[in-house]
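Chemist: File protein.txt follows (compact mmCIF, C-alpha atoms):
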```txt
# COMPACT_ATOMS: atom_id res chain seq x y z
CA MET A 1 6.07 -23.36 -20.16
CA HIS A 2 5.10 -21.37 -17.08
CA GLU A 3 1.44 -21.65 -18.00
CA VAL A 4 0.94 -24.31 -15.32
CA SER A 5 2.16 -21.92 -12.62
CA LEU A 6 -0.04 -19.18 -14.05
CA VAL A 7 -3.13 -21.40 -14.09
CA MET A 8 -2.43 -22.49 -10.51
CA ALA A 9 -2.52 -18.83 -9.49
CA VAL A 10 -5.72 -18.34 -11.52
CA LEU A 11 -7.45 -21.29 -9.83
CA GLU A 12 -6.51 -20.00 -6.39
CA THR A 13 -7.96 -16.56 -7.12
CA ALA A 14 -11.08 -17.96 -8.78
CA ALA A 15 -11.73 -20.41 -5.94
CA ALA A 16 -11.35 -17.65 -3.35
CA ALA A 17 -13.77 -15.42 -5.28
CA ALA A 18 -16.29 -18.28 -5.56
CA ARG A 19 -16.05 -19.00 -1.84
CA ARG A 20 -16.60 -15.34 -1.00
CA ALA A 21 -19.70 -15.31 -3.21
CA GLY A 22 -20.97 -18.56 -1.71
CA ALA A 23 -20.96 -20.19 -5.14
CA ALA A 24 -21.20 -23.95 -5.51
CA ARG A 25 -19.53 -24.21 -8.85
CA ILE A 26 -17.45 -22.21 -11.28
CA ARG A 27 -18.72 -22.22 -14.84
CA LYS A 28 -16.22 -20.05 -16.63
CA VAL A 29 -13.00 -18.19 -16.00
CA ARG A 30 -12.07 -15.36 -18.34
CA LEU A 31 -8.51 -14.17 -18.73
CA ARG A 32 -7.09 -11.23 -20.64
CA VAL A 33 -3.70 -11.95 -22.14
CA GLY A 34 -1.73 -9.29 -23.98
CA GLU A 35 0.35 -9.96 -27.05
CA LEU A 36 3.43 -8.83 -25.12
CA ALA A 37 2.75 -11.04 -22.12
CA GLY A 38 4.69 -13.98 -23.52
CA VAL A 39 1.95 -16.46 -22.72
CA ASP A 40 0.47 -19.10 -25.01
CA PRO A 41 -3.35 -19.31 -24.78
CA ASP A 42 -3.38 -22.96 -25.93
CA ALA A 43 -0.92 -23.91 -23.20
CA LEU A 44 -3.11 -22.06 -20.69
CA ARG A 45 -6.16 -24.05 -21.80
CA PHE A 46 -4.21 -27.30 -21.68
CA ALA A 47 -2.96 -26.52 -18.16
CA TYR A 48 -6.46 -25.47 -17.07
CA ASP A 49 -8.01 -28.76 -18.18
CA ALA A 50 -5.21 -30.77 -16.61
CA LEU A 51 -5.34 -28.94 -13.29
CA THR A 52 -9.12 -28.71 -12.88
CA GLY A 53 -9.84 -32.34 -13.87
CA ASP A 54 -10.25 -33.56 -10.29
CA GLN A 55 -11.65 -30.41 -8.71
CA PRO A 56 -15.44 -30.49 -8.17
CA LEU A 57 -15.57 -26.69 -7.88
CA PHE A 58 -14.35 -26.42 -11.48
CA ALA A 59 -16.11 -29.51 -12.92
CA GLY A 60 -17.31 -28.83 -16.46
CA SER A 61 -15.99 -25.27 -16.41
CA ASP A 62 -14.32 -23.46 -19.28
CA LEU A 63 -11.36 -21.18 -19.59
CA GLU A 64 -11.84 -18.32 -22.00
CA VAL A 65 -8.78 -16.35 -23.07
CA GLU A 66 -9.21 -12.92 -24.57
CA TRP A 67 -6.13 -12.15 -26.66
CA VAL A 68 -5.28 -8.45 -26.50
CA PRO A 69 -3.21 -7.07 -29.39
CA VAL A 70 -0.75 -4.25 -28.84
CA ARG A 71 -2.26 -0.77 -29.03
CA VAL A 72 -0.27 2.41 -28.73
CA GLN A 73 -1.01 6.05 -28.21
CA CYS A 74 1.25 8.46 -30.06
CA PRO A 75 1.85 11.88 -28.49
CA GLY A 76 3.58 12.95 -31.73
CA CYS A 77 0.69 12.63 -34.18
CA GLY A 78 -2.12 12.03 -31.74
CA ALA A 79 -3.12 8.65 -33.20
CA GLU A 80 -4.21 5.71 -31.11
CA GLY A 81 -4.29 2.30 -32.68
CA PRO A 82 -2.40 -0.87 -33.44
CA ALA A 83 1.40 -0.76 -33.49
CA LEU A 84 3.56 -1.64 -36.47
CA PRO A 85 4.48 -5.36 -36.45
CA TYR A 86 7.13 -6.46 -33.91
CA SER A 87 7.27 -3.02 -32.39
CA VAL A 88 5.53 -0.36 -30.37
CA ALA A 89 5.83 2.09 -33.27
CA CYS A 90 2.87 4.26 -34.23
CA SER A 91 1.25 2.78 -37.33
CA ARG A 92 0.39 6.25 -38.64
CA CYS A 93 3.67 8.18 -38.28
CA GLY A 94 6.18 5.45 -37.35
CA SER A 95 7.31 7.19 -34.16
CA LEU A 96 8.64 5.00 -31.37
CA GLY A 97 7.82 7.61 -28.75
CA THR A 98 4.49 5.96 -28.04
CA ARG A 99 2.73 4.87 -24.90
CA VAL A 100 1.56 1.25 -24.86
CA VAL A 101 -2.09 1.32 -23.80
CA ALA A 102 -2.89 -2.36 -24.36
CA GLY A 103 -1.11 -5.63 -25.02
CA GLU A 104 0.75 -6.14 -21.76
CA GLU A 105 -2.19 -7.62 -19.79
CA LEU A 106 -1.95 -10.84 -17.86
CA GLU A 107 -5.07 -10.76 -15.76
CA ILE A 108 -8.17 -12.52 -14.58
CA ALA A 109 -11.07 -10.57 -16.07
CA ASP A 110 -13.99 -12.33 -14.43
CA VAL A 111 -15.38 -15.56 -13.09
CA GLU A 112 -18.83 -16.92 -13.88
CA VAL A 113 -20.31 -18.93 -11.03
CA GLU A 114 -23.34 -21.00 -10.21
CA ARG A 115 -24.89 -20.28 -6.85
CA GLY A 116 -25.67 -23.32 -4.69
CA GLY A 117 -29.43 -24.00 -4.39
CA ASP A 118 -30.78 -25.22 -1.05
CA PRO A 119 -32.00 -28.86 -0.64
CA ASP A 120 -35.63 -27.90 -1.44
CA GLY A 121 -34.55 -26.78 -4.83
CA GLU A 122 -35.19 -23.15 -4.03
CA PRO A 123 -33.20 -20.69 -6.02
CA GLY A 124 -29.80 -20.07 -4.51
CA GLU A 125 -28.34 -16.83 -3.35
CA GLY A 126 -28.03 -15.62 -6.91
CA GLY A 127 -31.82 -15.80 -7.35
CA HIS A 128 -31.78 -18.40 -10.14
CA ARG A 129 -31.71 -22.16 -10.37
CA PRO A 130 -28.50 -23.96 -11.23
CA GLU A 131 -30.11 -25.47 -14.34
CA ASP A 132 -31.04 -21.99 -15.55
CA PRO A 133 -27.96 -20.05 -14.66
CA LEU A 134 -27.48 -16.41 -15.35
CA PRO A 135 -23.93 -15.39 -15.89
CA GLU A 136 -22.51 -13.45 -12.97
CA ARG A 137 -20.32 -10.74 -14.40
CA MET B 1 -18.06 -11.62 -10.92
CA ALA B 2 -15.58 -9.10 -12.16
CA ILE B 3 -12.10 -9.81 -10.84
CA GLY B 4 -9.81 -7.51 -12.83
CA GLN B 5 -6.73 -8.70 -11.02
CA ARG B 6 -3.29 -9.55 -12.33
CA ILE B 7 -2.83 -13.31 -12.50
CA LEU B 8 0.47 -13.01 -10.67
CA SER B 9 -0.79 -10.54 -8.07
CA ARG B 10 0.53 -12.70 -5.21
CA ASN B 11 4.00 -12.70 -6.78
CA ASP B 12 3.69 -8.96 -7.42
CA GLU B 13 2.98 -8.34 -3.73
CA LEU B 14 6.03 -10.30 -2.64
CA ALA B 15 8.14 -8.50 -5.25
CA ALA B 16 6.86 -5.13 -4.03
CA GLY B 17 7.98 -6.09 -0.52
CA LEU B 18 11.45 -6.94 -1.80
CA ARG B 19 11.58 -3.69 -3.78
CA ARG B 20 10.71 -1.68 -0.66
CA ARG B 21 13.44 -3.49 1.25
CA TRP B 22 16.05 -2.65 -1.44
CA GLN B 23 14.86 0.97 -1.47
CA GLU B 24 15.33 1.27 2.27
CA GLN B 25 18.71 -0.45 2.27
CA GLY B 26 19.97 1.25 -0.88
CA VAL B 27 20.54 -2.04 -2.71
CA PHE B 28 20.60 -2.15 -6.52
CA CYS B 29 19.06 -5.40 -7.79
CA VAL B 30 19.35 -6.79 -11.32
CA ASN B 31 17.64 -9.83 -12.83
CA LEU B 32 19.64 -11.44 -15.65
CA ILE B 33 17.54 -13.23 -18.25
CA SER B 34 18.56 -15.03 -21.44
CA SER B 35 18.34 -18.27 -23.39
CA PRO B 36 20.39 -21.15 -21.99
CA GLY B 37 23.96 -20.78 -23.18
CA SER B 38 23.97 -17.03 -23.87
CA GLY B 39 26.70 -16.58 -21.30
CA LYS B 40 25.01 -15.33 -18.12
CA THR B 41 27.34 -17.18 -15.80
CA THR B 42 30.46 -16.28 -17.80
CA LEU B 43 29.42 -12.61 -17.80
CA LEU B 44 28.92 -12.87 -14.04
CA GLU B 45 32.34 -14.43 -13.51
CA GLU B 46 33.97 -11.52 -15.32
CA THR B 47 31.69 -9.01 -13.58
CA LEU B 48 32.43 -10.31 -10.09
CA ARG B 49 36.16 -10.38 -10.85
CA ARG B 50 36.02 -6.71 -11.80
CA LEU B 51 33.80 -5.66 -8.90
CA GLN B 52 36.08 -7.09 -6.22
CA GLY B 53 36.94 -4.33 -3.76
CA ARG B 54 34.55 -1.92 -5.49
CA VAL B 55 31.04 -3.10 -4.64
CA ARG B 56 29.65 -5.45 -2.00
CA ALA B 57 27.68 -7.81 -4.20
CA ALA B 58 25.77 -11.05 -3.72
CA VAL B 59 24.44 -13.53 -6.24
CA LEU B 60 21.40 -15.77 -6.41
CA VAL B 61 21.62 -18.16 -9.33
CA GLY B 62 18.69 -20.21 -10.58
CA ASP B 63 18.85 -23.48 -12.46
CA VAL B 64 16.57 -26.41 -13.01
CA GLN B 65 19.28 -28.75 -11.75
CA THR B 66 22.85 -28.77 -10.33
CA GLU B 67 24.88 -26.38 -8.22
CA ASN B 68 27.46 -26.01 -11.01
CA ASP B 69 26.92 -22.29 -11.57
CA ALA B 70 27.18 -21.43 -7.88
CA ARG B 71 30.46 -23.36 -7.76
CA ARG B 72 31.77 -21.37 -10.73
CA LEU B 73 30.86 -18.07 -9.05
CA GLN B 74 32.17 -19.04 -5.61
CA PRO B 75 35.87 -18.09 -6.05
CA TYR B 76 35.32 -14.33 -6.33
CA GLY B 77 34.75 -13.74 -2.63
CA PHE B 78 31.06 -12.75 -2.83
CA PRO B 79 28.21 -14.67 -1.22
CA VAL B 80 26.56 -16.93 -3.81
CA ARG B 81 23.52 -19.13 -3.42
CA GLN B 82 22.18 -21.63 -5.93
CA ILE B 83 18.41 -21.92 -6.28
CA VAL B 84 17.59 -25.32 -7.76
CA THR B 85 14.04 -25.10 -9.06
CA GLY B 86 13.73 -28.83 -9.74
CA GLY B 87 11.90 -28.34 -13.03
CA THR B 88 10.35 -24.89 -12.77
CA CYS B 89 11.42 -22.79 -15.76
CA HIS B 90 11.74 -19.45 -13.94
CA LEU B 91 12.43 -17.90 -10.55
CA ASP B 92 9.61 -16.23 -8.64
CA ALA B 93 9.66 -13.70 -5.83
CA ALA B 94 8.96 -16.35 -3.18
CA MET B 95 12.05 -18.34 -4.21
CA VAL B 96 14.17 -15.19 -4.04
CA GLU B 97 12.80 -14.36 -0.61
CA ARG B 98 13.42 -17.90 0.67
CA HIS B 99 17.09 -17.84 -0.29
CA LEU B 100 17.92 -14.24 0.51
CA ALA B 101 19.05 -14.81 4.09
CA ALA B 102 21.94 -16.92 2.80
CA VAL B 103 23.47 -14.04 0.80
CA ALA B 104 22.02 -10.68 1.81
CA GLY B 105 23.80 -9.12 4.77
CA PRO B 106 23.12 -5.63 6.13
CA ASP B 107 26.00 -4.15 4.10
CA LEU B 108 24.80 -5.51 0.75
CA GLU B 109 24.97 -3.03 -2.16
CA LEU B 110 24.31 -5.05 -5.31
CA LEU B 111 22.14 -8.15 -5.64
CA ILE B 112 22.49 -10.01 -8.93
CA ILE B 113 19.89 -12.64 -9.70
CA GLU B 114 20.77 -14.99 -12.53
CA ASN B 115 17.46 -16.39 -13.70
CA VAL B 116 16.85 -19.84 -15.20
CA GLY B 117 17.93 -19.89 -18.86
CA ASN B 118 14.69 -19.10 -20.69
CA LEU B 119 13.51 -16.03 -22.60
CA VAL B 120 9.80 -16.54 -22.03
CA CYS B 121 8.72 -17.49 -18.54
CA PRO B 122 11.06 -15.37 -16.40
CA SER B 123 9.78 -12.23 -18.09
CA SER B 124 6.40 -12.57 -16.35
CA TYR B 125 7.76 -12.75 -12.80
CA ASP B 126 8.72 -9.58 -10.98
CA LEU B 127 11.52 -10.36 -8.53
CA GLY B 128 11.61 -6.88 -7.00
CA GLU B 129 14.54 -5.94 -9.24
CA ASP B 130 15.48 -2.43 -10.34
CA ALA B 131 16.36 -3.68 -13.79
CA LYS B 132 15.79 -6.72 -15.89
CA VAL B 133 18.83 -7.32 -18.07
CA VAL B 134 18.44 -9.46 -21.18
CA LEU B 135 21.46 -11.14 -22.73
CA LEU B 136 21.66 -12.02 -26.41
CA SER B 137 24.71 -13.83 -27.75
CA THR B 138 26.11 -13.51 -31.24
CA VAL B 139 25.53 -17.22 -31.92
CA GLU B 140 21.77 -16.71 -31.65
CA GLY B 141 19.42 -15.16 -34.20
CA ASP B 142 19.45 -11.37 -34.34
CA ASP B 143 15.65 -11.54 -34.65
CA LYS B 144 15.23 -12.86 -31.10
CA PRO B 145 13.67 -9.55 -29.95
CA GLN B 146 10.92 -10.09 -32.52
CA LYS B 147 10.39 -13.67 -31.42
CA TYR B 148 10.39 -12.94 -27.69
CA PRO B 149 9.01 -9.40 -27.46
CA GLY B 150 7.94 -9.64 -23.82
CA ILE B 151 11.40 -9.71 -22.30
CA PHE B 152 12.96 -7.26 -24.76
CA ARG B 153 10.08 -4.90 -24.02
CA ARG B 154 10.54 -5.12 -20.24
CA ALA B 155 14.33 -5.14 -19.94
CA GLN B 156 16.19 -1.96 -19.01
CA ALA B 157 19.42 -3.20 -20.56
CA LEU B 158 20.50 -5.50 -23.37
CA VAL B 159 23.91 -7.13 -23.13
CA ILE B 160 25.17 -8.55 -26.40
CA THR B 161 27.60 -11.30 -25.42
CA LYS B 162 30.31 -13.20 -27.33
CA ALA B 163 31.09 -10.15 -29.49
CA ASP B 164 34.46 -11.79 -30.28
CA LEU B 165 32.50 -14.20 -32.51
CA LEU B 166 30.97 -11.44 -34.65
CA GLY B 167 31.69 -12.26 -38.26
CA CYS B 168 31.79 -16.00 -37.58
CA THR B 169 27.99 -16.09 -37.58
CA ASP B 170 25.25 -14.25 -39.46
CA PHE B 171 24.33 -12.28 -36.33
CA ASP B 172 24.09 -8.57 -37.16
CA PRO B 173 24.38 -6.56 -33.92
CA ASP B 174 22.86 -3.44 -35.47
CA ARG B 175 19.83 -5.40 -36.60
CA ALA B 176 19.48 -7.00 -33.15
CA VAL B 177 19.62 -3.60 -31.46
CA ALA B 178 17.15 -2.11 -33.96
CA HIS B 179 14.71 -4.96 -33.30
CA ALA B 180 15.07 -4.46 -29.55
CA ARG B 181 14.65 -0.68 -29.79
CA ALA B 182 11.53 -1.08 -31.92
CA LEU B 183 9.94 -2.60 -28.83
CA ASN B 184 11.84 -0.64 -26.22
CA PRO B 185 13.35 2.61 -27.49
CA GLU B 186 15.02 3.39 -24.15
CA ILE B 187 16.84 0.08 -23.74
CA ARG B 188 20.50 0.48 -22.77
CA VAL B 189 22.85 -1.63 -24.90
CA PHE B 190 26.23 -3.13 -23.98
CA ARG B 191 28.30 -5.01 -26.53
CA THR B 192 30.55 -7.36 -24.63
CA SER B 193 33.03 -10.18 -24.96
CA CYS B 194 34.30 -12.09 -21.96
CA LYS B 195 37.17 -13.37 -24.14
CA THR B 196 38.53 -9.96 -25.15
CA GLY B 197 37.07 -7.88 -22.32
CA GLU B 198 35.20 -5.62 -24.75
CA GLY B 199 32.41 -3.62 -23.12
CA LEU B 200 32.88 -5.10 -19.65
CA ALA B 201 34.16 -1.87 -18.10
CA GLU B 202 31.05 -0.02 -19.36
CA TRP B 203 28.78 -2.79 -18.09
CA CYS B 204 30.39 -2.78 -14.64
CA ALA B 205 30.29 1.02 -14.54
CA TRP B 206 26.54 0.86 -15.23
CA LEU B 207 26.07 -1.55 -12.32
CA GLU B 208 28.13 0.66 -10.04
CA ALA B 209 26.21 3.75 -11.10
CA GLY B 210 23.00 1.86 -10.28
CA VAL B 211 24.34 1.07 -6.83
CA ARG B 212 25.40 4.66 -6.15
CA ALA B 213 22.04 6.04 -7.34
CA LYS B 214 20.17 3.61 -5.11
CA GLN B 215 22.33 4.52 -2.12
CA ALA B 216 21.79 8.24 -2.73
CA GLN B 217 18.02 7.66 -2.86
CA ALA B 218 18.12 5.68 0.39
CA ARG B 219 20.13 8.46 2.08
CA GLY B 220 17.65 11.01 0.78
CA ARG B 221 14.89 9.03 2.49
CA GLY B 222 16.77 9.12 5.78
CA ASN B 223 18.13 5.58 5.61
CA PRO B 224 21.86 4.76 5.79
```
Would you mind giving the structure from this file in structure tokens?

Modeler:
Amino acid sequence: MHEVSLVMAVLETAAAAARRAGAARIRKVRLRVGELAGVDPDALRFAYDALTGDQPLFAGSDLEVEWVPVRVQCPGCGAEGPALPYSVACSRCGSLGTRVVAGEELEIADVEVERGGDPDGEPGEGGHRPEDPLPER
Amino acid sequence: MAIGQRILSRNDELAAGLRRRWQEQGVFCVNLISSPGSGKTTLLEETLRRLQGRVRAAVLVGDVQTENDARRLQPYGFPVRQIVTGGTCHLDAAMVERHLAAVAGPDLELLIIENVGNLVCPSSYDLGEDAKVVLLSTVEGDDKPQKYPGIFRRAQALVITKADLLGCTDFDPDRAVAHARALNPEIRVFRTSCKTGEGLAEWCAWLEAGVRAKQAQARGRGNP
């Protein structure tokens, strides 16, 4: 159950990115988690809700976890695709001499923020009003 | 805003710093990972006993509570430091760095880190080691590599422990190794028993070879 430590690191990075962009609020944080990362997406979501509950910067925000299955590239037969179950074996020829090209990720993909509008209600730095937010990718 | 950054990038940076330090000093560092009760500390007791007079080693040992393991490893004449995490299920690079001064002198050759007993969480945290070593005992399921692919994928070596109990349980060592190699074809395997001494000479020789290789690299770079 190291998902709490992971989410703490995520919040730190997301908050720093939001500050740099001059954003008032974070709407969504997207993670990419590989099948081989040994991380439970539900536990991440649970930890995210628990840890952001009292943080205005994250109020009402969501955590989205993209689950990345294992993909391998096989120099033997040239195939690239999913691996055989519980392995990194090529699903076409069965060779174990593959290169894992996906499935080991544990990363923050992006953060969607809401720019702070000024007191007159003018659009914020992002050029749109908070009630009509465009996702910042 | 695209971020595209590893979640544990801060830990990775600290670990990279440690790795550089071990490269310069010619220190071989291993990170032992297993379920609780697989025999990490017992393997270490036997390892340290055999390495006396051969390698200048030091040990950092992580546990959620107690200094029991450090006490067990104390009598072999090597510096040992307990890291009590107080609930955290893994060691991270910052913890290693904080406790290093207590064990790592300038003549250190081999740093052994015994992680908190857990097959999941420690696999995510780089500690600057040269090799992660996963232990699997013969009283566990031989399908553990399938259940915990992350660590079996990342480990450089697999130590099967309690081989003296083979036959008393349904554990099939060949099946365990096949499952591990399906994820990690290059993984080095040691079949050991701390009761009979089986495989311990090979295991210690591997550690020593790691030390000598690291020292040769450091000399090649113009360090001592």

Chemist: With all atoms listed in the file as the counted atoms, please give the residues lying no more than 7 Å from range 186-203 of chain B, apart from itself and same-chain residues fewer than 6 positions off, as a ChimeraX atom specification.

Modeler: /B:43,46,155-164

Chemist: Around (-1.2, -22.9, -8.2) in the file's own coordinates, what residues are found within 12 Å if you use all atoms listed in the file, given back as a list in words?

Modeler: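 Collected hits near the coordinates: His2, Glu3, Val4, Ser5, Leu6, Val7, Met8, Ala9, Val10, Leu11, Glu12, Thr13, Ala14, Ala15, Ala47, Tyr48, Leu51 and Thr52 of chain A; Ile7, Leu8, Arg10 and Asn11 of chain B.
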
Chemist: What gap, in Å, lies between CA of Ala2 in chain B and CA of Val29 in chain A?

Modeler: 10.2 Å

Chemist: Calculated over all atoms listed in the file, which of the candidates A:Ala50, A:Ala37, A:Cys90, A:Leu57 has the smallest distance to Ala17 in chain A?

Modeler: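 Smallest separation from Ala17 in chain A among the options: A:Leu57.
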
Chemist: Quick one: which chain B residues come within 9 Å of chain A, and what is the nearest atom pair for each with the distance in Å to one decimal, counting only C-alpha atoms, rows ordered by chain and ascending number, as a tab-separated table?

Modeler:
```
residue	atom	partner	partner_atom	distance
B:Met1	CA	A:Arg137	CA	4.2
B:Ala2	CA	A:Asp110	CA	4.3
B:Ile3	CA	A:Asp110	CA	4.8
B:Gly4	CA	A:Ala109	CA	4.6
B:Gln5	CA	A:Ile108	CA	5.4
B:Arg6	CA	A:Glu107	CA	4.0
B:Ile7	CA	A:Glu107	CA	4.7
B:Leu8	CA	A:Ala9	CA	6.6
B:Ser9	CA	A:Ala9	CA	8.6
B:Arg10	CA	A:Ala9	CA	8.1
B:Thr88	CA	A:His2	CA	7.7
B:Cys89	CA	A:His2	CA	6.6
B:His90	CA	A:His2	CA	7.6
B:Val120	CA	A:Gly38	CA	5.9
B:Cys121	CA	A:His2	CA	5.5
B:Pro122	CA	A:His2	CA	8.5
B:Ser123	CA	A:Gly38	CA	7.6
B:Ser124	CA	A:Ala37	CA	7.0
B:Pro145	CA	A:Tyr86	CA	8.2
B:Gln146	CA	A:Tyr86	CA	5.4
B:Lys147	CA	A:Tyr86	CA	8.3
B:Tyr148	CA	A:Gly38	CA	7.1
B:Pro149	CA	A:Leu36	CA	6.1
B:Gly150	CA	A:Leu36	CA	4.8
B:Ile151	CA	A:Gly38	CA	8.0
B:Arg153	CA	A:Leu36	CA	7.8
B:His179	CA	A:Ser87	CA	7.7
B:Ala180	CA	A:Ser87	CA	8.4
B:Arg181	CA	A:Ser87	CA	8.2
B:Ala182	CA	A:Ser87	CA	4.7
B:Leu183	CA	A:Ser87	CA	4.5
B:Asn184	CA	A:Val88	CA	7.6
B:Pro185	CA	A:Leu96	CA	6.6
```

Chemist: For Trp22 in chain B, which of B:Cys204, B:Gly128, B:Val133, B:Glu67 is the closest residue, counting only C-alpha atoms?

Modeler: B:Gly128

Chemist: Using only C-alpha atoms, can you list as a count of residues only the residues within 12 Å of (5.0, -6.3, -6.6)?

Modeler: 25

Chemist: So the first atom is CA of Glu140 in chain B and the second is CA of Asp63 in chain B; what is the distance between them in Å, to one decimal place?

Modeler: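 Rounded to one decimal, the two atoms are 20.6 Å apart.
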
Chemist: Grab the CA of Trp67 in chain A to CA of Asp143 in chain B distance for me, in Å with one decimal place.

Modeler: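 Atom-to-atom, CA of Trp67 in chain A and CA of Asp143 in chain B are spaced 23.2 Å apart.
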
Chemist: Would you mind listing what lies within 12 Å of Gly222 in chain B as a ChimeraX atom specification, with all atoms listed in the file counted and same-chain residues fewer than 5 positions away left out?

Modeler: /B:23-26,215-217

Chemist: Closest to Asn31 in chain B among B:Lys144, B:Arg154, B:Lys132, B:Lys214, using all atoms listed in the file?

Modeler: B:Lys132

Chemist: Find the residues around Glu208 in chain B up to 9 Å (all atoms listed in the file counted), leave out those fewer than 4 positions away in its own chain, and share them as a PyMOL selection string.

Modeler: chain B and resi 28+51+54-55+110+203-204+212-213
